[in-house]
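Trainee: Provided herewith: input-v6.txt, compact mmCIF, C-alpha atoms.
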```txt
# COMPACT_ATOMS: atom_id res chain seq x y z
CA MET A 220 -140.37 -60.16 -20.06
CA ALA A 221 -141.16 -61.89 -16.79
CA LYS A 222 -144.63 -63.28 -16.27
CA MET A 223 -146.86 -60.86 -14.41
CA THR A 224 -148.81 -62.02 -11.40
CA LEU A 225 -152.42 -61.10 -10.74
CA GLU A 226 -151.17 -59.07 -7.77
CA GLN A 227 -148.85 -57.06 -9.99
CA LEU A 228 -151.73 -56.46 -12.38
CA ARG A 229 -153.89 -55.29 -9.49
CA GLU A 230 -151.13 -52.95 -8.28
CA LEU A 231 -150.65 -51.45 -11.73
CA ARG A 232 -154.38 -50.98 -12.02
CA ASP A 233 -154.63 -49.26 -8.64
CA ARG A 234 -151.68 -47.02 -9.40
CA LYS A 235 -153.19 -45.98 -12.73
CA LYS A 236 -156.52 -45.36 -11.05
CA SER A 237 -155.10 -43.00 -8.44
CA GLU A 238 -153.04 -41.15 -11.05
CA LEU A 239 -156.17 -40.69 -13.09
CA GLN A 240 -158.25 -39.38 -10.26
CA LYS A 241 -155.83 -36.48 -10.00
CA ARG A 242 -156.38 -35.54 -13.62
CA ASP A 243 -159.53 -34.58 -15.43
CA ILE A 244 -161.14 -37.67 -16.82
CA GLU A 245 -160.27 -37.22 -20.44
CA GLY A 246 -162.15 -39.05 -23.16
CA LYS A 247 -164.63 -40.78 -20.91
CA ASP A 248 -167.57 -40.19 -23.26
CA ILE A 249 -165.74 -41.41 -26.33
CA GLN A 250 -166.43 -44.81 -27.78
CA ILE A 251 -164.40 -46.65 -30.40
CA ILE A 252 -166.15 -49.70 -31.80
CA ILE A 253 -164.10 -52.08 -33.92
CA GLY A 254 -165.77 -54.42 -36.40
CA MET A 255 -164.56 -57.93 -35.55
CA GLY A 256 -166.72 -60.06 -37.79
CA THR A 257 -165.20 -62.69 -40.07
CA CYS A 258 -164.63 -59.92 -42.63
CA GLY A 259 -163.02 -57.57 -40.11
CA ILE A 260 -160.67 -60.20 -38.73
CA ALA A 261 -159.68 -61.30 -42.25
CA ALA A 262 -158.84 -57.70 -43.14
CA GLY A 263 -156.68 -57.11 -40.07
CA ALA A 264 -159.01 -55.82 -37.33
CA LYS A 265 -156.75 -57.24 -34.61
CA THR A 266 -153.84 -55.12 -35.80
CA VAL A 267 -156.20 -52.15 -35.65
CA LEU A 268 -157.25 -53.00 -32.10
CA ASP A 269 -153.58 -53.18 -31.14
CA ALA A 270 -152.87 -49.85 -32.85
CA PHE A 271 -155.74 -48.08 -31.08
CA LEU A 272 -154.65 -49.37 -27.68
CA ALA A 273 -151.04 -48.34 -28.28
CA GLU A 274 -152.00 -44.91 -29.61
CA LEU A 275 -154.47 -44.15 -26.81
CA ASP A 276 -151.84 -45.27 -24.32
CA ALA A 277 -149.22 -43.02 -25.94
CA HIS A 278 -151.53 -40.03 -25.45
CA HIS A 279 -152.52 -41.11 -21.91
CA LEU A 280 -156.16 -41.47 -22.90
CA GLU A 281 -157.24 -44.10 -20.39
CA HIS A 282 -161.00 -43.71 -20.41
CA VAL A 283 -161.93 -44.21 -24.02
CA ALA A 284 -164.27 -47.17 -24.37
CA VAL A 285 -162.83 -49.59 -26.91
CA THR A 286 -165.36 -52.27 -27.77
CA GLN A 287 -165.92 -54.81 -30.50
CA THR A 288 -168.83 -55.68 -32.66
CA GLY A 289 -169.60 -58.06 -35.50
CA CYS A 290 -169.84 -57.10 -39.14
CA MET A 291 -171.34 -53.63 -39.74
CA GLY A 292 -172.36 -54.54 -43.28
CA LEU A 293 -169.42 -52.78 -44.92
CA CYS A 294 -167.29 -55.86 -45.61
CA TYR A 295 -165.78 -54.26 -48.71
CA VAL A 296 -164.01 -51.56 -46.68
CA GLU A 297 -162.94 -53.59 -43.65
CA PRO A 298 -161.45 -53.08 -41.15
CA THR A 299 -164.21 -50.71 -40.05
CA VAL A 300 -164.31 -48.64 -36.90
CA GLU A 301 -167.15 -46.56 -35.52
CA VAL A 302 -166.23 -43.54 -33.43
CA ILE A 303 -168.81 -41.94 -31.18
CA SER A 304 -167.63 -38.76 -29.58
CA PRO A 305 -169.42 -35.78 -28.02
CA ASN A 306 -169.51 -32.69 -30.29
CA MET A 307 -169.05 -34.92 -33.33
CA PRO A 308 -171.48 -36.91 -35.47
CA PRO A 309 -171.07 -40.68 -35.14
CA VAL A 310 -168.75 -41.82 -37.92
CA ILE A 311 -167.90 -45.19 -39.42
CA TYR A 312 -164.38 -45.27 -40.77
CA GLY A 313 -163.34 -47.87 -43.32
CA LYS A 314 -160.05 -49.27 -44.62
CA VAL A 315 -158.50 -48.59 -41.24
CA ASP A 316 -154.95 -49.71 -40.58
CA ALA A 317 -152.42 -48.78 -37.89
CA THR A 318 -151.61 -45.44 -39.57
CA VAL A 319 -155.28 -44.51 -39.96
CA ALA A 320 -155.92 -45.54 -36.34
CA LYS A 321 -153.22 -43.09 -35.28
CA SER A 322 -154.87 -40.32 -37.32
CA ILE A 323 -158.28 -41.14 -35.86
CA VAL A 324 -156.92 -40.80 -32.31
CA GLU A 325 -154.95 -37.65 -33.01
CA GLU A 326 -157.51 -35.88 -35.19
CA HIS A 327 -160.99 -37.20 -34.41
CA VAL A 328 -160.63 -38.15 -30.75
CA MET A 329 -158.27 -35.40 -29.64
CA ASN A 330 -159.09 -32.53 -32.01
CA ASN A 331 -162.69 -33.09 -33.14
CA LYS A 332 -161.64 -33.29 -36.76
CA MET A 333 -162.81 -36.05 -39.08
CA VAL A 334 -160.32 -38.16 -41.01
CA SER A 335 -162.21 -37.46 -44.27
CA ASP A 336 -160.48 -39.93 -46.56
CA HIS A 337 -161.69 -42.85 -44.51
CA VAL A 338 -165.25 -41.85 -43.63
CA PHE A 339 -167.60 -44.45 -45.08
CA ASP A 340 -170.89 -44.09 -43.34
CA ARG A 341 -173.11 -41.98 -41.13
CA PRO A 342 -172.45 -38.27 -41.79
CA SER A 343 -174.34 -37.13 -44.87
CA ALA A 344 -172.46 -37.63 -48.13
CA ASP A 345 -171.83 -33.93 -48.74
CA ILE A 346 -169.57 -33.75 -45.68
CA ILE A 347 -167.36 -36.45 -47.07
CA LYS A 348 -164.69 -35.40 -49.50
CA ASP A 349 -164.92 -37.25 -52.86
CA GLY A 350 -167.70 -39.46 -51.58
CA GLY A 351 -165.29 -41.18 -49.24
CA LYS A 352 -163.60 -43.17 -51.96
CA MET B 806 -159.63 -66.29 -45.66
CA HIS B 807 -157.74 -65.42 -42.49
CA ALA B 808 -154.03 -64.74 -42.42
CA SER B 809 -153.14 -66.43 -39.14
CA LEU B 810 -154.15 -69.20 -36.74
CA SER B 811 -154.98 -66.55 -34.14
CA ASP B 812 -157.48 -65.02 -36.55
CA PHE B 813 -159.19 -68.38 -37.09
CA LEU B 814 -159.42 -68.86 -33.35
CA ALA B 815 -160.75 -65.34 -32.74
CA ASP B 816 -163.41 -65.88 -35.38
CA ILE B 817 -164.58 -69.27 -34.15
CA VAL B 818 -164.77 -68.30 -30.48
CA GLN B 819 -167.09 -65.42 -31.35
CA ASN B 820 -169.67 -68.03 -32.30
CA SER B 821 -169.66 -69.20 -28.67
CA ILE B 822 -170.09 -65.64 -27.40
CA GLU B 823 -172.94 -65.07 -29.83
CA ALA B 824 -174.51 -68.39 -28.80
CA GLU B 825 -174.98 -66.76 -25.38
CA ALA B 826 -172.66 -69.16 -23.60
CA SER B 827 -172.00 -68.45 -19.93
CA LEU B 828 -168.88 -70.62 -19.94
CA ILE B 829 -166.35 -70.85 -22.76
CA GLU B 830 -163.23 -72.97 -22.46
CA ILE B 831 -160.45 -72.54 -24.97
CA THR B 832 -157.30 -74.60 -25.25
CA VAL B 833 -154.41 -73.91 -27.58
CA ASP B 834 -151.97 -76.78 -27.38
CA GLU B 835 -148.95 -76.41 -29.58
CA GLY B 836 -146.50 -79.25 -30.02
CA ILE B 837 -143.60 -79.85 -32.35
CA LYS B 838 -145.63 -81.13 -35.29
CA THR B 839 -149.17 -79.96 -34.63
CA ILE B 840 -151.19 -77.24 -32.98
CA GLU B 841 -154.52 -78.34 -31.52
CA CYS B 842 -157.30 -76.01 -30.45
CA THR B 843 -160.56 -76.74 -28.71
CA VAL B 844 -163.42 -74.38 -28.03
CA VAL B 845 -166.09 -75.72 -25.69
CA ASP B 846 -169.13 -73.68 -24.76
CA ASN B 847 -172.44 -74.14 -22.98
CA GLY B 848 -174.30 -71.87 -25.37
CA LYS B 849 -177.51 -72.61 -27.21
CA GLY B 850 -175.99 -75.32 -29.42
CA MET B 851 -177.57 -76.54 -32.62
CA SER B 852 -179.62 -79.42 -33.92
CA GLU B 853 -178.04 -82.28 -35.86
CA GLU B 854 -179.60 -80.91 -39.04
CA VAL B 855 -178.01 -77.49 -38.57
CA ARG B 856 -174.70 -79.04 -37.54
CA LYS B 857 -174.49 -80.81 -40.88
CA ARG B 858 -175.10 -77.59 -42.73
CA VAL B 859 -172.73 -75.16 -40.99
CA SER B 860 -169.80 -76.32 -43.11
CA ASP B 861 -171.65 -75.01 -46.15
CA PRO B 862 -170.57 -71.39 -46.83
CA PHE B 863 -174.03 -70.72 -48.26
CA TYR B 864 -175.78 -71.62 -45.05
CA THR B 865 -176.64 -69.06 -42.38
CA ASP B 866 -179.45 -68.96 -39.85
CA GLY B 867 -180.15 -65.41 -41.05
CA VAL B 868 -180.58 -64.11 -37.50
CA LYS B 869 -177.63 -61.75 -37.25
CA HIS B 870 -177.81 -60.41 -40.79
CA THR B 871 -181.30 -60.92 -42.10
CA ARG B 872 -180.53 -60.38 -45.77
CA ARG B 873 -177.25 -62.24 -45.91
CA LYS B 874 -176.92 -65.56 -47.66
CA VAL B 875 -173.51 -66.67 -46.46
CA GLY B 876 -171.89 -67.84 -43.23
CA LEU B 877 -168.15 -68.05 -43.70
CA GLY B 878 -166.54 -68.48 -40.28
CA ILE B 879 -166.62 -72.29 -40.05
CA PRO B 880 -166.21 -72.94 -43.81
CA PHE B 881 -163.05 -70.79 -43.84
CA LEU B 882 -161.63 -72.78 -40.96
CA ILE B 883 -162.45 -76.14 -42.59
CA GLN B 884 -160.89 -74.99 -45.84
CA ALA B 885 -157.68 -73.91 -44.09
CA VAL B 886 -157.50 -77.11 -42.03
CA GLU B 887 -158.00 -79.29 -45.11
CA ALA B 888 -155.37 -77.36 -47.03
CA CYS B 889 -152.67 -78.35 -44.57
CA GLY B 890 -153.61 -81.83 -43.44
CA GLY B 891 -155.19 -80.90 -40.13
CA ASN B 892 -158.45 -82.01 -38.57
CA PHE B 893 -161.76 -80.39 -37.80
CA ASP B 894 -164.58 -81.66 -35.65
CA LEU B 895 -167.75 -80.01 -34.44
CA GLN B 896 -170.19 -81.57 -32.02
CA SER B 897 -173.22 -79.86 -30.67
CA LYS B 898 -176.42 -80.45 -28.76
CA LYS B 899 -179.28 -78.04 -28.99
CA GLY B 900 -179.73 -76.29 -25.67
CA GLU B 901 -176.53 -77.72 -24.23
CA GLY B 902 -173.57 -76.30 -26.10
CA THR B 903 -170.97 -76.86 -28.76
CA HIS B 904 -167.55 -78.48 -28.89
CA VAL B 905 -165.18 -77.46 -31.68
CA PHE B 906 -161.82 -79.06 -32.30
CA PHE B 907 -159.32 -78.16 -34.98
CA SER B 908 -155.68 -78.86 -35.61
CA PHE B 909 -153.04 -77.82 -38.09
CA LEU B 910 -149.85 -79.57 -39.17
CA LEU B 911 -147.22 -76.96 -38.35
CA ASP B 912 -144.63 -78.16 -40.84
CA HIS B 913 -147.09 -78.12 -43.75
CA ILE B 914 -146.19 -75.45 -46.27
CA ASP B 915 -149.76 -74.12 -46.28
CA CYS B 916 -150.08 -73.90 -42.51
CA PRO B 917 -150.91 -70.29 -41.60
CA PRO B 918 -148.53 -68.56 -39.17
CA LEU B 919 -149.55 -68.42 -35.50
CA GLY B 920 -150.13 -64.66 -35.62
CA ASN B 921 -150.61 -62.48 -32.58
CA LEU B 922 -152.18 -64.85 -30.08
CA ALA B 923 -151.97 -62.34 -27.19
CA THR B 924 -154.11 -59.77 -29.02
CA ALA B 925 -156.55 -62.50 -30.05
CA PHE B 926 -156.95 -63.49 -26.38
CA VAL B 927 -157.37 -59.84 -25.33
CA ALA B 928 -160.04 -59.34 -28.00
CA LEU B 929 -161.91 -62.47 -26.92
CA LEU B 930 -161.67 -61.74 -23.20
CA SER B 931 -162.88 -58.19 -23.66
CA TYR B 932 -165.94 -58.88 -25.78
CA GLY B 933 -168.83 -57.41 -23.79
CA GLY B 934 -170.91 -59.62 -21.53
CA THR B 935 -170.80 -61.54 -18.29
CA TYR B 936 -169.59 -64.89 -19.63
CA GLN B 937 -166.75 -66.78 -18.04
CA MET B 938 -163.88 -67.66 -20.35
CA MET B 939 -161.02 -69.96 -19.44
CA ILE B 940 -158.06 -69.96 -21.77
CA LYS B 941 -155.34 -72.61 -21.55
CA ARG B 942 -152.32 -72.11 -23.71
CA LYS B 943 -149.50 -74.63 -23.88
CA LEU B 944 -146.34 -75.01 -25.92
CA THR B 945 -144.24 -78.14 -25.90
CA THR B 946 -140.80 -78.20 -27.52
CA PHE B 947 -138.57 -81.26 -27.72
CA ASP B 948 -137.36 -80.79 -24.16
CA GLN B 949 -139.59 -78.21 -22.47
CA THR B 950 -143.20 -77.35 -21.77
CA GLU B 951 -144.54 -73.94 -20.87
CA MET B 952 -148.15 -73.05 -20.26
CA TYR B 953 -150.47 -70.46 -18.79
CA GLU B 954 -154.13 -70.00 -17.96
CA LEU B 955 -156.34 -66.95 -18.18
CA ASP B 956 -159.54 -66.67 -16.16
CA ARG B 957 -161.85 -63.97 -17.48
CA LEU B 958 -163.90 -63.35 -14.34
CA GLN B 959 -160.78 -63.19 -12.20
CA LEU B 960 -159.23 -60.62 -14.57
CA LEU B 961 -162.48 -58.67 -14.67
CA ASP B 962 -162.44 -58.59 -10.87
CA VAL B 963 -158.88 -57.23 -10.82
CA LEU B 964 -159.36 -54.68 -13.59
CA GLY B 965 -162.87 -53.52 -12.81
CA ASP B 966 -163.83 -53.33 -16.45
CA MET B 967 -162.49 -54.61 -19.74
CA HIS B 968 -163.60 -51.93 -22.14
CA THR B 969 -161.73 -48.75 -21.24
CA SER B 970 -158.51 -48.13 -23.12
CA GLY B 971 -156.26 -47.97 -20.04
CA ASN B 972 -157.49 -51.30 -18.71
CA LEU B 973 -157.29 -52.98 -22.09
CA GLN B 974 -153.69 -51.86 -22.40
CA LEU B 975 -152.97 -53.35 -18.96
CA LEU B 976 -154.69 -56.58 -19.94
CA LYS B 977 -152.60 -56.70 -23.09
CA THR B 978 -149.37 -56.19 -21.15
CA TYR B 979 -150.46 -58.95 -18.78
CA VAL B 980 -151.30 -61.49 -21.50
CA GLU B 981 -148.21 -60.58 -23.52
CA SER B 982 -145.99 -61.29 -20.52
CA PHE B 983 -147.31 -64.86 -20.45
CA GLU B 984 -147.19 -65.40 -24.18
CA ALA B 985 -143.61 -64.07 -24.24
CA ALA B 986 -142.63 -66.59 -21.57
CA VAL B 987 -144.12 -69.34 -23.74
CA GLN B 988 -142.36 -68.10 -26.85
CA GLU B 989 -139.07 -67.99 -24.98
CA ILE B 990 -138.75 -71.77 -24.80
CA ARG B 991 -139.04 -71.91 -28.58
CA ASN B 992 -135.61 -70.33 -28.96
CA PRO B 993 -133.83 -70.88 -25.65
CA MET B 994 -130.56 -69.65 -27.10
CA GLY B 995 -131.86 -66.48 -28.62
```
Before anything else, please render the file you have as C-alpha cells.

Mentor:
Amino acid sequence: MAKMTLEQLRELRDRKKSELQKRDIEGKDIQIIIGMGTCGIAAGAKTVLDAFLAELDAHHLEHVAVTQTGCMGLCYVEPTVEVISPNMPPVIYGKVDATVAKSIVEEHVMNNKMVSDHVFDRPSADIIKDGGK
Amino acid sequence: MHASLSDFLADIVQNSIEAEASLIEITVDEGIKTIECTVVDNGKGMSEEVRKRVSDPFYTDGVKHTRRKVGLGIPFLIQAVEACGGNFDLQSKKGEGTHVFFSFLLDHIDCPPLGNLATAFVALLSYGGTYQMMIKRKLTTFDQTEMYELDRLQLLDVLGDMHTSGNLQLLKTYVESFEAAVQEIRNPMG
C-alpha cells in the first residue's frame, strides 16, 4: 500500500461527503461508545473498535458516532460497548469481540433488536434473557 | 496486563488526555534491539509526592472512580518493562506537564508483540477534545530507516470530525498506509 497524502485523504473525504448528501443520512443519531480504560484495552477493546469500523463501513453506515470512554465500572465483562440509538433503550453490552460487534451492528443498529446474550447493563433485568450471563 | 506494546502505549497516552493536556507528543522509535517510546504532555502534571506513588498499583487519586482503590495503567507498564529488561522513566511538574519514557528489549523472550499500532494511533487521535497530538513513528532496520508523522489538528481540519464512522474508517486507511510503508522495510524481500 502506498502512503496516502493529506490531499488524497481530503479528496476521499470530499467524495464520500458528496455521495452521502445524495442519500438519506442513515444512522446519524446513533452512538457507539467503546470502553477504553485499562481494563477495556487489556481485554481487546482495540480489536472491537476495528471490528465496528469495518462492519459499519461494510454496511455503508457513515454517520454513526463511534467514541471512546474510560472504564464503565464493568471490568469483569470487558470489552464493554454502550449503544445509544433512537427507538431503543440505551444498552451496555459486555464481553464484546469482533463477532459480537458484527451482531450489534446488524441487529441493534440496523434492525432495532437487542443482542440479548451480551446485554449487561441499563435495560431492566427482566428484558435480559437469563440475567445476561 | 496488556497483550501488546500498542496497548501499553494506548493506555499510557490516555493519562495525558485525561490530564487535560493541550499538546501531546508521542514518539515510537523502533530499532533492531529496542523500541523506545516517549509521551510528553503539557497537562496538569503531578507533585513529586504523587509521582513517587503512581508506580504503586494501590494508589489512585480517586477522582475518576471515587470508590476505586487501584490505579493499574502505570504499574502494568512498569511490570512489563521490568520483565523484559527495558526502562521506564516518569518526570512531572505540577501545572506544567508530564514526560514518560519507556523502552523494551525486542529480542527478550518476554517482550510483548508490537500489536496493531495503526489502530492504537487512530484510537488516540480520535479521543474527543481539542488537544493537539503529534505522533512520530520510526523504524530503523540494519540498512534502512522509515518514518512518518501524524498531526491531529491537521487531520481534524481535513476530515471535519473524528467521531463519525465514515471518517474514522478514512483515518484508519490513512494511518495504515503509513504503518504499512514502515513495516515494508522490515521484510524487503517479502

Trainee: Which residues of chain B come within 8 Å of chain A, and what is each one's closest atom pair and distance in Å (one decimal), counting all atoms listed in the file, sorted by chain and residue number, as JSON lines?

Mentor:
```
{"residue": "B:Met806", "atom": "CA", "partner": "A:Ala261", "partner_atom": "CA", "distance": 6.0}
{"residue": "B:His807", "atom": "CA", "partner": "A:Ala261", "partner_atom": "CA", "distance": 4.6}
{"residue": "B:Ala808", "atom": "CA", "partner": "A:Ala261", "partner_atom": "CA", "distance": 6.6}
{"residue": "B:Asp812", "atom": "CA", "partner": "A:Ile260", "partner_atom": "CA", "distance": 6.2}
{"residue": "B:Ala815", "atom": "CA", "partner": "A:Ile260", "partner_atom": "CA", "distance": 7.9}
{"residue": "B:Asp816", "atom": "CA", "partner": "A:Thr257", "partner_atom": "CA", "distance": 5.9}
{"residue": "B:Leu877", "atom": "CA", "partner": "A:Thr257", "partner_atom": "CA", "distance": 7.1}
{"residue": "B:Gly878", "atom": "CA", "partner": "A:Thr257", "partner_atom": "CA", "distance": 5.9}
{"residue": "B:Thr924", "atom": "CA", "partner": "A:Lys265", "partner_atom": "CA", "distance": 6.7}
{"residue": "B:Ala925", "atom": "CA", "partner": "A:Lys265", "partner_atom": "CA", "distance": 7.0}
{"residue": "B:Ala928", "atom": "CA", "partner": "A:Lys265", "partner_atom": "CA", "distance": 7.7}
{"residue": "B:Ser931", "atom": "CA", "partner": "A:Thr286", "partner_atom": "CA", "distance": 7.6}
{"residue": "B:Tyr932", "atom": "CA", "partner": "A:Gln287", "partner_atom": "CA", "distance": 6.2}
{"residue": "B:Gly933", "atom": "CA", "partner": "A:Thr286", "partner_atom": "CA", "distance": 7.4}
{"residue": "B:Leu960", "atom": "CA", "partner": "A:Leu225", "partner_atom": "CA", "distance": 7.8}
{"residue": "B:Val963", "atom": "CA", "partner": "A:Arg229", "partner_atom": "CA", "distance": 5.5}
{"residue": "B:Leu964", "atom": "CA", "partner": "A:Arg232", "partner_atom": "CA", "distance": 6.4}
{"residue": "B:His968", "atom": "CA", "partner": "A:Ala284", "partner_atom": "CA", "distance": 5.3}
{"residue": "B:Thr969", "atom": "CA", "partner": "A:Ala284", "partner_atom": "CA", "distance": 4.3}
{"residue": "B:Ser970", "atom": "CA", "partner": "A:Glu281", "partner_atom": "CA", "distance": 5.0}
{"residue": "B:Gly971", "atom": "CA", "partner": "A:Glu281", "partner_atom": "CA", "distance": 4.0}
{"residue": "B:Asn972", "atom": "CA", "partner": "A:Arg232", "partner_atom": "CA", "distance": 7.4}
{"residue": "B:Leu973", "atom": "CA", "partner": "A:Leu272", "partner_atom": "CA", "distance": 7.2}
{"residue": "B:Gln974", "atom": "CA", "partner": "A:Leu272", "partner_atom": "CA", "distance": 5.9}
{"residue": "B:Leu975", "atom": "CA", "partner": "A:Leu228", "partner_atom": "CA", "distance": 7.4}
{"residue": "B:Tyr979", "atom": "CA", "partner": "A:Met223", "partner_atom": "CA", "distance": 6.0}
{"residue": "B:Ser982", "atom": "CA", "partner": "A:Lys222", "partner_atom": "CA", "distance": 4.9}
{"residue": "B:Phe983", "atom": "CA", "partner": "A:Lys222", "partner_atom": "CA", "distance": 5.2}
{"residue": "B:Ala985", "atom": "CA", "partner": "A:Met220", "partner_atom": "CA", "distance": 6.6}
{"residue": "B:Ala986", "atom": "CA", "partner": "A:Lys222", "partner_atom": "CA", "distance": 6.6}
```

Trainee: Could you list, as JSON, numbers by chain, every residue within 9 Å of Lys899 of chain B, counting all atoms listed in the file and ignoring same-chain residues fewer than 5 positions away?

Mentor: {"B": [848, 849, 850, 851, 852, 853]}

Trainee: Tell me which of B:Met952, B:Ala826, B:Ile831, B:Ile817 sits closest to Ile940 of chain B, counting all atoms listed in the file.

Mentor: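 Among the listed residues, the smallest separation from Ile940 of chain B belongs to B:Ile831.
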
Trainee: Tell me which of B:Leu828, B:Ile990, B:Ala885, B:Val980 sits closest to Ser809 of chain B, counting all atoms listed in the file.

Mentor: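 The closest residue to Ser809 of chain B is B:Ala885.
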
Trainee: Hey, what's within 12 Å of Ser322 of chain A if we count only C-alpha atoms and toss same-chain stuff fewer than 4 positions away? As a PyMOL selection string, please?

Mentor: chain A and resi 270-271+274-275+312+315-318+326-337

Trainee: I need the residues from that last selection saved to file as a compact mmCIF listing (two decimals), in the frame of the given file (with C-alpha atoms), if you can.

Mentor:
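out.txt was written with the following content:
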```txt
# COMPACT_ATOMS: atom_id res chain seq x y z
CA ALA A 270 -152.87 -49.85 -32.85
CA PHE A 271 -155.74 -48.08 -31.08
CA GLU A 274 -152.00 -44.91 -29.61
CA LEU A 275 -154.47 -44.15 -26.81
CA TYR A 312 -164.38 -45.27 -40.77
CA VAL A 315 -158.50 -48.59 -41.24
CA ASP A 316 -154.95 -49.71 -40.58
CA ALA A 317 -152.42 -48.78 -37.89
CA THR A 318 -151.61 -45.44 -39.57
CA GLU A 326 -157.51 -35.88 -35.19
CA HIS A 327 -160.99 -37.20 -34.41
CA VAL A 328 -160.63 -38.15 -30.75
CA MET A 329 -158.27 -35.40 -29.64
CA ASN A 330 -159.09 -32.53 -32.01
CA ASN A 331 -162.69 -33.09 -33.14
CA LYS A 332 -161.64 -33.29 -36.76
CA MET A 333 -162.81 -36.05 -39.08
CA VAL A 334 -160.32 -38.16 -41.01
CA SER A 335 -162.21 -37.46 -44.27
CA ASP A 336 -160.48 -39.93 -46.56
CA HIS A 337 -161.69 -42.85 -44.51
```

Trainee: Point out the residue among B:Ala824, B:Leu919, B:Leu882, B:Val987 with the least atom-to-atom distance to Thr946 of chain B, counting all atoms listed in the file.

Mentor: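 Among the listed residues, the smallest separation from Thr946 of chain B belongs to B:Val987.
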
Trainee: Tell me which protein, DNA and RNA residues are within 10 Å of Gly876 of chain B, counting all atoms listed in the file, leaving out same-chain ones fewer than 6 positions away, and put them as a PyMOL selection string.

Mentor: (chain A and resi 257) or (chain B and resi 859-867+870)

Trainee: Expressed in Å to a single decimal, how great is the separation between atom CA of Ile883 of chain B and atom CA of Arg856 of chain B?

Mentor: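 Those two atoms sit 13.6 Å apart.
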
Trainee: Would you mind reading off the distance between atom CA of His913 of chain B and atom CA of Phe947 of chain B, one decimal, in Å?

Mentor: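 Going from atom CA of His913 of chain B over to atom CA of Phe947 of chain B covers 18.4 Å.
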
Trainee: Please report the interatomic distance between atom CA of Leu922 of chain B and atom CA of Asp894 of chain B in Å with one decimal.

Mentor: 21.6 Å

Trainee: Can you fill out segment 859-864 of chain B with all heavy atoms and hand it back as a compact mmCIF listing (two decimals), keeping the file's coordinate frame?

Mentor:
```
# COMPACT_ATOMS: atom_id res chain seq x y z
N VAL B 859 -173.58 -76.32 -41.28
CA VAL B 859 -172.73 -75.16 -40.99
C VAL B 859 -171.41 -75.14 -41.78
O VAL B 859 -170.79 -74.10 -41.91
CB VAL B 859 -172.40 -74.98 -39.48
CG1 VAL B 859 -173.64 -74.54 -38.73
CG2 VAL B 859 -171.79 -76.24 -38.90
N SER B 860 -171.03 -76.31 -42.32
CA SER B 860 -169.80 -76.32 -43.11
C SER B 860 -170.04 -75.78 -44.51
O SER B 860 -169.10 -75.56 -45.28
CB SER B 860 -169.22 -77.74 -43.17
OG SER B 860 -170.20 -78.61 -43.70
N ASP B 861 -171.29 -75.56 -44.85
CA ASP B 861 -171.65 -75.01 -46.15
C ASP B 861 -171.58 -73.48 -46.09
O ASP B 861 -172.28 -72.85 -45.30
CB ASP B 861 -173.09 -75.46 -46.48
CG ASP B 861 -173.59 -74.90 -47.80
OD1 ASP B 861 -172.88 -74.07 -48.42
OD2 ASP B 861 -174.70 -75.29 -48.20
N PRO B 862 -170.70 -72.86 -46.89
CA PRO B 862 -170.57 -71.39 -46.83
C PRO B 862 -171.87 -70.66 -47.20
O PRO B 862 -172.03 -69.49 -46.86
CB PRO B 862 -169.45 -71.08 -47.82
CG PRO B 862 -169.27 -72.30 -48.64
CD PRO B 862 -169.74 -73.46 -47.83
N PHE B 863 -172.78 -71.37 -47.88
CA PHE B 863 -174.03 -70.72 -48.26
C PHE B 863 -175.16 -71.01 -47.29
O PHE B 863 -176.32 -70.85 -47.59
CB PHE B 863 -174.41 -71.10 -49.70
CG PHE B 863 -173.36 -70.64 -50.68
CD1 PHE B 863 -172.44 -71.53 -51.21
CD2 PHE B 863 -173.26 -69.29 -51.02
CE1 PHE B 863 -171.44 -71.09 -52.08
CE2 PHE B 863 -172.28 -68.85 -51.88
CZ PHE B 863 -171.36 -69.75 -52.41
N TYR B 864 -174.77 -71.45 -46.09
CA TYR B 864 -175.78 -71.62 -45.05
C TYR B 864 -175.57 -70.58 -43.96
O TYR B 864 -174.46 -70.35 -43.49
CB TYR B 864 -175.72 -73.02 -44.41
CG TYR B 864 -176.65 -73.12 -43.22
CD1 TYR B 864 -178.01 -73.27 -43.42
CD2 TYR B 864 -176.17 -72.97 -41.92
CE1 TYR B 864 -178.88 -73.29 -42.33
CE2 TYR B 864 -177.02 -72.98 -40.84
CZ TYR B 864 -178.38 -73.13 -41.05
OH TYR B 864 -179.25 -73.13 -39.98
```
